[in-house]
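These notes are about the structure you will find just below.
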Amino acid sequence: MKKMKLVWLSMAIIGTVVSFAACGDKGGSSDGGNDSFEEGILDDEPEGDDNVPEADEEVAFGAGVAAEYPISSAMQSQLDALDSNYKKVNWQVAYAPADNDAIIVSETKYNYEGRNHLVVAYTNLSDAGVKISFEGYAENTGGEVVFDILEDNVEIGPQNTIARDYLLNEAEPSGEIKWNSFTVEASSEEYIPFEITSELKKDNSENYYIESIIDSETRLEYGADKGYGFVLDNLGNIIVGGEEFLNNKVEFNIKSFGGEEVDVVYYVNGYKVNW
(Lines give C-alpha, C1' and ligand atoms only; values in the text may rest on other atoms or scores of the structure.)
Protein backbone atom coordinates (compact mmCIF):
# COMPACT_ATOMS: atom_id res chain seq x y z
CA MET A 1 0.00 0.00 0.00
CA LYS A 2 2.79 2.41 0.79
CA LYS A 3 4.37 1.76 -2.63
CA MET A 4 1.05 2.48 -4.39
CA LYS A 5 0.68 5.77 -2.54
CA LEU A 6 4.20 6.82 -3.56
CA VAL A 7 3.49 6.00 -7.22
CA TRP A 8 0.27 8.04 -7.28
CA LEU A 9 1.99 10.92 -5.47
CA SER A 10 4.84 10.93 -8.04
CA MET A 11 2.36 10.97 -10.92
CA ALA A 12 0.49 13.88 -9.34
CA ILE A 13 3.71 15.90 -8.97
CA ILE A 14 4.70 15.22 -12.59
CA GLY A 15 1.23 16.27 -13.77
CA THR A 16 1.46 19.48 -11.77
CA VAL A 17 4.87 20.34 -13.23
CA VAL A 18 3.58 19.73 -16.77
CA SER A 19 0.58 21.92 -16.04
CA PHE A 20 2.82 24.76 -14.81
CA ALA A 21 5.06 24.47 -17.89
CA ALA A 22 2.05 24.62 -20.23
CA CYS A 23 0.81 27.78 -18.55
CA GLY A 24 4.26 29.37 -18.82
CA ASP A 25 4.50 28.62 -22.56
CA LYS A 26 1.05 30.00 -23.36
CA GLY A 27 1.92 33.59 -22.45
CA GLY A 28 4.96 33.73 -24.72
CA SER A 29 7.26 34.73 -21.82
CA SER A 30 7.93 33.86 -18.24
CA ASP A 31 6.06 36.92 -17.00
CA GLY A 32 3.11 36.36 -19.34
CA GLY A 33 3.01 32.70 -18.33
CA ASN A 34 2.89 33.54 -14.62
CA ASP A 35 0.04 35.94 -15.21
CA SER A 36 -1.90 33.33 -17.15
CA PHE A 37 -1.28 30.76 -14.45
CA GLU A 38 -2.38 33.03 -11.62
CA GLU A 39 -5.53 34.11 -13.45
CA GLY A 40 -6.34 30.47 -14.12
CA ILE A 41 -6.07 29.61 -10.41
CA LEU A 42 -8.04 32.66 -9.25
CA ASP A 43 -10.79 32.40 -11.83
CA ASP A 44 -10.75 28.61 -12.13
CA GLU A 45 -11.02 29.00 -15.93
CA PRO A 46 -10.58 25.92 -18.11
CA GLU A 47 -7.58 25.82 -20.45
CA GLY A 48 -8.39 27.23 -23.89
CA ASP A 49 -11.12 29.57 -22.63
CA ASP A 50 -12.39 31.87 -25.41
CA ASN A 51 -11.72 34.97 -23.28
CA VAL A 52 -7.98 34.31 -23.15
CA PRO A 53 -6.23 36.10 -26.09
CA GLU A 54 -3.89 34.09 -28.25
CA ALA A 55 -0.22 35.05 -28.17
CA ASP A 56 -0.24 35.99 -31.87
CA GLU A 57 -3.53 37.92 -31.74
CA GLU A 58 -3.21 41.25 -33.58
CA VAL A 59 -3.38 44.30 -31.32
CA ALA A 60 -5.21 47.36 -32.65
CA PHE A 61 -3.09 50.33 -33.73
CA GLY A 62 -2.55 52.59 -30.69
CA ALA A 63 -4.80 50.50 -28.42
CA GLY A 64 -2.62 51.03 -25.37
CA VAL A 65 -2.28 54.81 -25.61
CA ALA A 66 -6.01 55.17 -26.40
CA ALA A 67 -6.87 53.23 -23.26
CA GLU A 68 -4.43 55.26 -21.18
CA TYR A 69 -5.71 58.66 -22.39
CA PRO A 70 -9.42 58.27 -23.24
CA ILE A 71 -11.38 61.12 -24.82
CA SER A 72 -14.16 62.49 -22.63
CA SER A 73 -17.70 62.66 -24.00
CA ALA A 74 -17.49 66.48 -24.01
CA MET A 75 -14.26 66.48 -26.04
CA GLN A 76 -15.64 63.86 -28.42
CA SER A 77 -18.65 66.08 -29.10
CA GLN A 78 -16.33 68.99 -29.89
CA LEU A 79 -14.21 66.80 -32.13
CA ASP A 80 -17.28 65.57 -34.03
CA ALA A 81 -18.43 69.16 -34.52
CA LEU A 82 -15.19 70.33 -36.15
CA ASP A 83 -15.64 71.77 -39.63
CA SER A 84 -12.10 71.41 -40.92
CA ASN A 85 -9.73 69.26 -42.93
CA TYR A 86 -9.07 67.20 -39.82
CA LYS A 87 -11.99 64.96 -40.75
CA LYS A 88 -10.69 64.20 -44.23
CA VAL A 89 -8.05 61.83 -42.84
CA ASN A 90 -8.86 58.33 -41.67
CA TRP A 91 -7.12 58.60 -38.30
CA GLN A 92 -6.48 55.15 -36.83
CA VAL A 93 -6.49 56.32 -33.22
CA ALA A 94 -7.25 59.52 -31.28
CA TYR A 95 -6.84 60.33 -27.60
CA ALA A 96 -6.45 63.18 -25.09
CA PRO A 97 -3.07 63.17 -23.31
CA ALA A 98 -2.06 64.94 -20.10
CA ASP A 99 -5.53 65.15 -18.59
CA ASN A 100 -6.30 68.30 -20.62
CA ASP A 101 -9.57 69.51 -22.13
CA ALA A 102 -8.11 71.24 -25.20
CA ILE A 103 -5.77 68.99 -27.19
CA ILE A 104 -6.55 65.82 -29.11
CA VAL A 105 -3.68 63.73 -30.48
CA SER A 106 -4.49 61.64 -33.57
CA GLU A 107 -2.29 59.09 -35.30
CA THR A 108 -2.15 57.09 -38.49
CA LYS A 109 0.56 55.44 -40.58
CA TYR A 110 1.45 54.89 -44.21
CA ASN A 111 4.14 53.18 -46.21
CA TYR A 112 5.58 54.70 -49.34
CA GLU A 113 8.25 52.94 -51.41
CA GLY A 114 9.02 50.56 -48.55
CA ARG A 115 9.52 53.28 -45.94
CA ASN A 116 7.21 53.51 -42.93
CA HIS A 117 5.82 56.84 -41.74
CA LEU A 118 4.00 57.74 -38.53
CA VAL A 119 1.75 60.79 -38.86
CA VAL A 120 0.72 62.55 -35.65
CA ALA A 121 -1.78 65.42 -35.60
CA TYR A 122 -2.38 67.85 -32.74
CA THR A 123 -5.84 69.46 -32.66
CA ASN A 124 -6.88 72.38 -30.46
CA LEU A 125 -10.58 72.06 -29.58
CA SER A 126 -10.72 75.23 -27.47
CA ASP A 127 -11.80 78.74 -28.50
CA ALA A 128 -8.40 80.25 -27.71
CA GLY A 129 -4.87 79.77 -28.93
CA VAL A 130 -2.61 77.46 -26.94
CA LYS A 131 0.99 76.35 -26.97
CA ILE A 132 2.05 72.80 -26.23
CA SER A 133 5.31 71.17 -25.19
CA PHE A 134 5.83 67.44 -25.22
CA GLU A 135 8.31 64.59 -24.94
CA GLY A 136 7.36 61.17 -26.23
CA TYR A 137 8.84 58.01 -27.65
CA ALA A 138 7.22 56.17 -30.56
CA GLU A 139 7.39 52.39 -30.53
CA ASN A 140 7.37 49.81 -33.30
CA THR A 141 5.17 46.71 -33.35
CA GLY A 142 7.81 44.90 -31.30
CA GLY A 143 7.54 47.40 -28.46
CA GLU A 144 10.92 48.99 -29.15
CA VAL A 145 11.45 52.76 -29.15
CA VAL A 146 12.22 53.82 -32.71
CA PHE A 147 11.68 57.59 -32.72
CA ASP A 148 11.99 60.45 -30.22
CA ILE A 149 9.24 63.08 -30.35
CA LEU A 150 10.28 66.29 -28.60
CA GLU A 151 9.08 69.88 -29.13
CA ASP A 152 8.59 73.00 -27.01
CA ASN A 153 6.14 75.91 -27.23
CA VAL A 154 4.32 74.75 -30.36
CA GLU A 155 1.49 77.15 -31.22
CA ILE A 156 -1.99 75.97 -32.23
CA GLY A 157 -4.91 78.32 -32.92
CA PRO A 158 -8.57 77.77 -32.01
CA GLN A 159 -10.08 74.65 -33.66
CA ASN A 160 -6.91 74.27 -35.71
CA THR A 161 -4.88 71.14 -36.47
CA ILE A 162 -1.16 70.83 -37.10
CA ALA A 163 0.63 67.64 -38.08
CA ARG A 164 4.01 65.96 -38.14
CA ASP A 165 5.27 63.24 -40.49
CA TYR A 166 7.85 61.08 -38.73
CA LEU A 167 9.96 58.83 -40.96
CA LEU A 168 10.59 55.45 -39.31
CA ASN A 169 12.07 53.70 -42.37
CA GLU A 170 12.01 49.89 -41.81
CA ALA A 171 10.38 50.10 -38.37
CA GLU A 172 6.61 49.56 -38.47
CA PRO A 173 4.81 51.94 -36.09
CA SER A 174 2.43 50.43 -33.56
CA GLY A 175 0.66 53.68 -32.72
CA GLU A 176 2.03 53.47 -29.18
CA ILE A 177 3.75 56.63 -27.95
CA LYS A 178 5.07 56.76 -24.39
CA TRP A 179 4.46 60.35 -23.32
CA ASN A 180 6.89 61.39 -20.60
CA SER A 181 5.42 64.89 -20.57
CA PHE A 182 2.69 66.82 -22.36
CA THR A 183 1.81 70.35 -21.24
CA VAL A 184 -0.79 72.79 -22.55
CA GLU A 185 -0.57 76.53 -21.84
CA ALA A 186 -2.39 79.66 -22.96
CA SER A 187 -0.89 81.41 -25.97
CA SER A 188 0.23 85.02 -25.91
CA GLU A 189 -0.26 85.39 -29.68
CA GLU A 190 -3.27 87.07 -31.31
CA TYR A 191 -5.26 84.60 -33.39
CA ILE A 192 -7.60 85.59 -36.19
CA PRO A 193 -9.66 83.36 -38.51
CA PHE A 194 -8.07 82.11 -41.72
CA GLU A 195 -8.99 79.65 -44.46
CA ILE A 196 -6.79 77.19 -46.33
CA THR A 197 -7.48 76.16 -49.92
CA SER A 198 -5.30 73.34 -51.23
CA GLU A 199 -4.95 71.82 -54.66
CA LEU A 200 -2.90 69.02 -56.23
CA LYS A 201 -0.97 70.31 -59.24
CA LYS A 202 1.87 69.30 -61.57
CA ASP A 203 5.11 71.17 -62.18
CA ASN A 204 7.02 71.51 -65.46
CA SER A 205 8.54 68.06 -64.94
CA GLU A 206 5.08 66.51 -64.53
CA ASN A 207 5.72 65.86 -60.82
CA TYR A 208 2.85 66.39 -58.40
CA TYR A 209 2.85 68.99 -55.64
CA ILE A 210 0.31 70.45 -53.21
CA GLU A 211 -0.23 74.19 -53.45
CA SER A 212 -2.06 75.90 -50.59
CA ILE A 213 -3.48 79.41 -50.41
CA ILE A 214 -4.07 80.86 -46.95
CA ASP A 215 -6.66 83.62 -46.78
CA SER A 216 -7.02 85.97 -43.79
CA GLU A 217 -7.97 89.57 -43.12
CA THR A 218 -4.38 90.49 -42.31
CA ARG A 219 -0.88 89.11 -42.63
CA LEU A 220 -0.10 85.96 -40.66
CA GLU A 221 3.05 84.85 -38.91
CA TYR A 222 3.88 81.14 -38.86
CA GLY A 223 6.71 81.18 -36.35
CA ALA A 224 9.01 78.18 -36.61
CA ASP A 225 6.17 75.87 -37.62
CA LYS A 226 6.04 74.64 -41.20
CA GLY A 227 3.04 73.20 -42.94
CA TYR A 228 2.52 69.53 -43.77
CA GLY A 229 0.56 68.29 -46.76
CA PHE A 230 -0.83 64.82 -47.49
CA VAL A 231 -2.35 63.07 -50.49
CA LEU A 232 -5.32 60.86 -49.55
CA ASP A 233 -7.08 57.99 -51.28
CA ASN A 234 -10.87 57.90 -51.55
CA LEU A 235 -11.14 56.38 -48.05
CA GLY A 236 -9.09 59.10 -46.38
CA ASN A 237 -5.96 56.96 -46.00
CA ILE A 238 -2.67 58.76 -46.53
CA ILE A 239 -0.82 57.73 -49.68
CA VAL A 240 2.13 60.10 -49.29
CA GLY A 241 2.96 63.27 -47.39
CA GLY A 242 5.65 65.80 -46.72
CA GLU A 243 6.74 69.07 -45.19
CA GLU A 244 6.32 72.44 -46.87
CA PHE A 245 9.31 73.33 -48.97
CA LEU A 246 8.54 76.92 -49.96
CA ASN A 247 5.50 79.23 -50.09
CA ASN A 248 3.03 76.68 -48.70
CA LYS A 249 4.01 74.10 -51.31
CA VAL A 250 4.64 70.42 -50.60
CA GLU A 251 6.53 68.81 -53.48
CA PHE A 252 6.58 65.14 -54.46
CA ASN A 253 8.79 63.36 -56.95
CA ILE A 254 5.70 61.49 -58.19
CA LYS A 255 4.16 61.52 -61.64
CA SER A 256 1.19 59.22 -60.99
CA PHE A 257 -0.92 57.84 -58.16
CA GLY A 258 -1.93 54.81 -60.17
CA GLY A 259 -5.18 56.28 -61.43
CA GLU A 260 -6.62 56.48 -57.90
CA GLU A 261 -9.12 59.13 -56.96
CA VAL A 262 -7.20 61.35 -54.55
CA ASP A 263 -7.74 64.32 -52.25
CA VAL A 264 -5.35 66.56 -50.33
CA VAL A 265 -5.05 68.17 -46.90
CA TYR A 266 -2.64 70.81 -45.65
CA TYR A 267 -2.09 71.63 -41.98
CA VAL A 268 -0.34 74.75 -40.71
CA ASN A 269 -0.67 77.24 -37.87
CA GLY A 270 -0.69 81.01 -38.26
CA TYR A 271 -1.34 84.01 -36.03
CA LYS A 272 -1.54 87.76 -36.52
CA VAL A 273 1.66 89.67 -37.15
CA ASN A 274 2.09 92.33 -34.45
CA TRP A 275 5.04 94.24 -35.89
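Residue numbering restarts at 1 for every chain of the C-alpha coordinates, chains are lettered A, B, ... in their displayed order, and ligands are numbered from 1 as they appear.
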
Among segment 60-250 of chain A, which ones does DSSP place in alpha helix (DSSP H), written as a CSV table (one decimal) with N, CA and C atoms, in the first residue's frame?
```csv
chain,number,residue,atom,x,y,z
A,63,ALA,N,-3.8,50.9,-29.4
A,63,ALA,CA,-4.8,50.5,-28.4
A,63,ALA,C,-4.4,50.9,-27.0
A,64,GLY,N,-3.1,50.7,-26.7
A,64,GLY,CA,-2.6,51.0,-25.4
A,64,GLY,C,-2.7,52.5,-25.0
A,65,VAL,N,-2.3,53.4,-25.9
A,65,VAL,CA,-2.3,54.8,-25.6
A,65,VAL,C,-3.7,55.4,-25.6
A,66,ALA,N,-4.6,54.8,-26.4
A,66,ALA,CA,-6.0,55.2,-26.4
A,66,ALA,C,-6.7,54.8,-25.1
A,67,ALA,N,-6.3,53.7,-24.5
A,67,ALA,CA,-6.9,53.2,-23.3
A,67,ALA,C,-6.3,54.1,-22.1
A,68,GLU,N,-5.1,54.5,-22.2
A,68,GLU,CA,-4.4,55.3,-21.2
A,68,GLU,C,-4.9,56.7,-21.1
A,73,SER,N,-16.5,62.5,-23.1
A,73,SER,CA,-17.7,62.7,-24.0
A,73,SER,C,-17.8,64.1,-24.5
A,74,ALA,N,-17.4,65.1,-23.6
A,74,ALA,CA,-17.5,66.5,-24.0
A,74,ALA,C,-16.5,66.8,-25.1
A,75,MET,N,-15.3,66.3,-25.0
A,75,MET,CA,-14.3,66.5,-26.0
A,75,MET,C,-14.6,65.8,-27.3
A,76,GLN,N,-15.2,64.6,-27.2
A,76,GLN,CA,-15.6,63.9,-28.4
A,76,GLN,C,-16.7,64.6,-29.2
A,77,SER,N,-17.6,65.3,-28.5
A,77,SER,CA,-18.6,66.1,-29.1
A,77,SER,C,-18.0,67.3,-29.8
A,78,GLN,N,-17.0,67.9,-29.2
A,78,GLN,CA,-16.3,69.0,-29.9
A,78,GLN,C,-15.6,68.5,-31.1
A,79,LEU,N,-15.0,67.4,-31.0
A,79,LEU,CA,-14.2,66.8,-32.1
A,79,LEU,C,-15.1,66.5,-33.3
A,80,ASP,N,-16.3,65.9,-33.0
A,80,ASP,CA,-17.3,65.6,-34.0
A,80,ASP,C,-17.8,66.8,-34.7
```

In segment 29-176 of chain A, what's strand (DSSP E) per DSSP? Answer as a count of residues only?
59

A:Tyr271, A:Phe257, A:Tyr95, A:Tyr222: which is nearest Asn207 of chain A, counting only C-alpha atoms?
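Ranked by minimum distance to Asn207 of chain A, first place goes to A:Phe257.
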
Skip Val120 of chain A itself and residues of its chain fewer than 2 positions away, then list as a ChimeraX atom specification all residues within 9 Å of it, counting only C-alpha atoms.
/A:105-109,118,122,162-166

List the neighbours of Lys178 of chain A out to 10 Å using only C-alpha atoms; skip same-chain residues closer than 5 positions along the sequence, and give me the result as an MDAnalysis selection string.
chainID A and resid 64:65 135:139 145 148:149
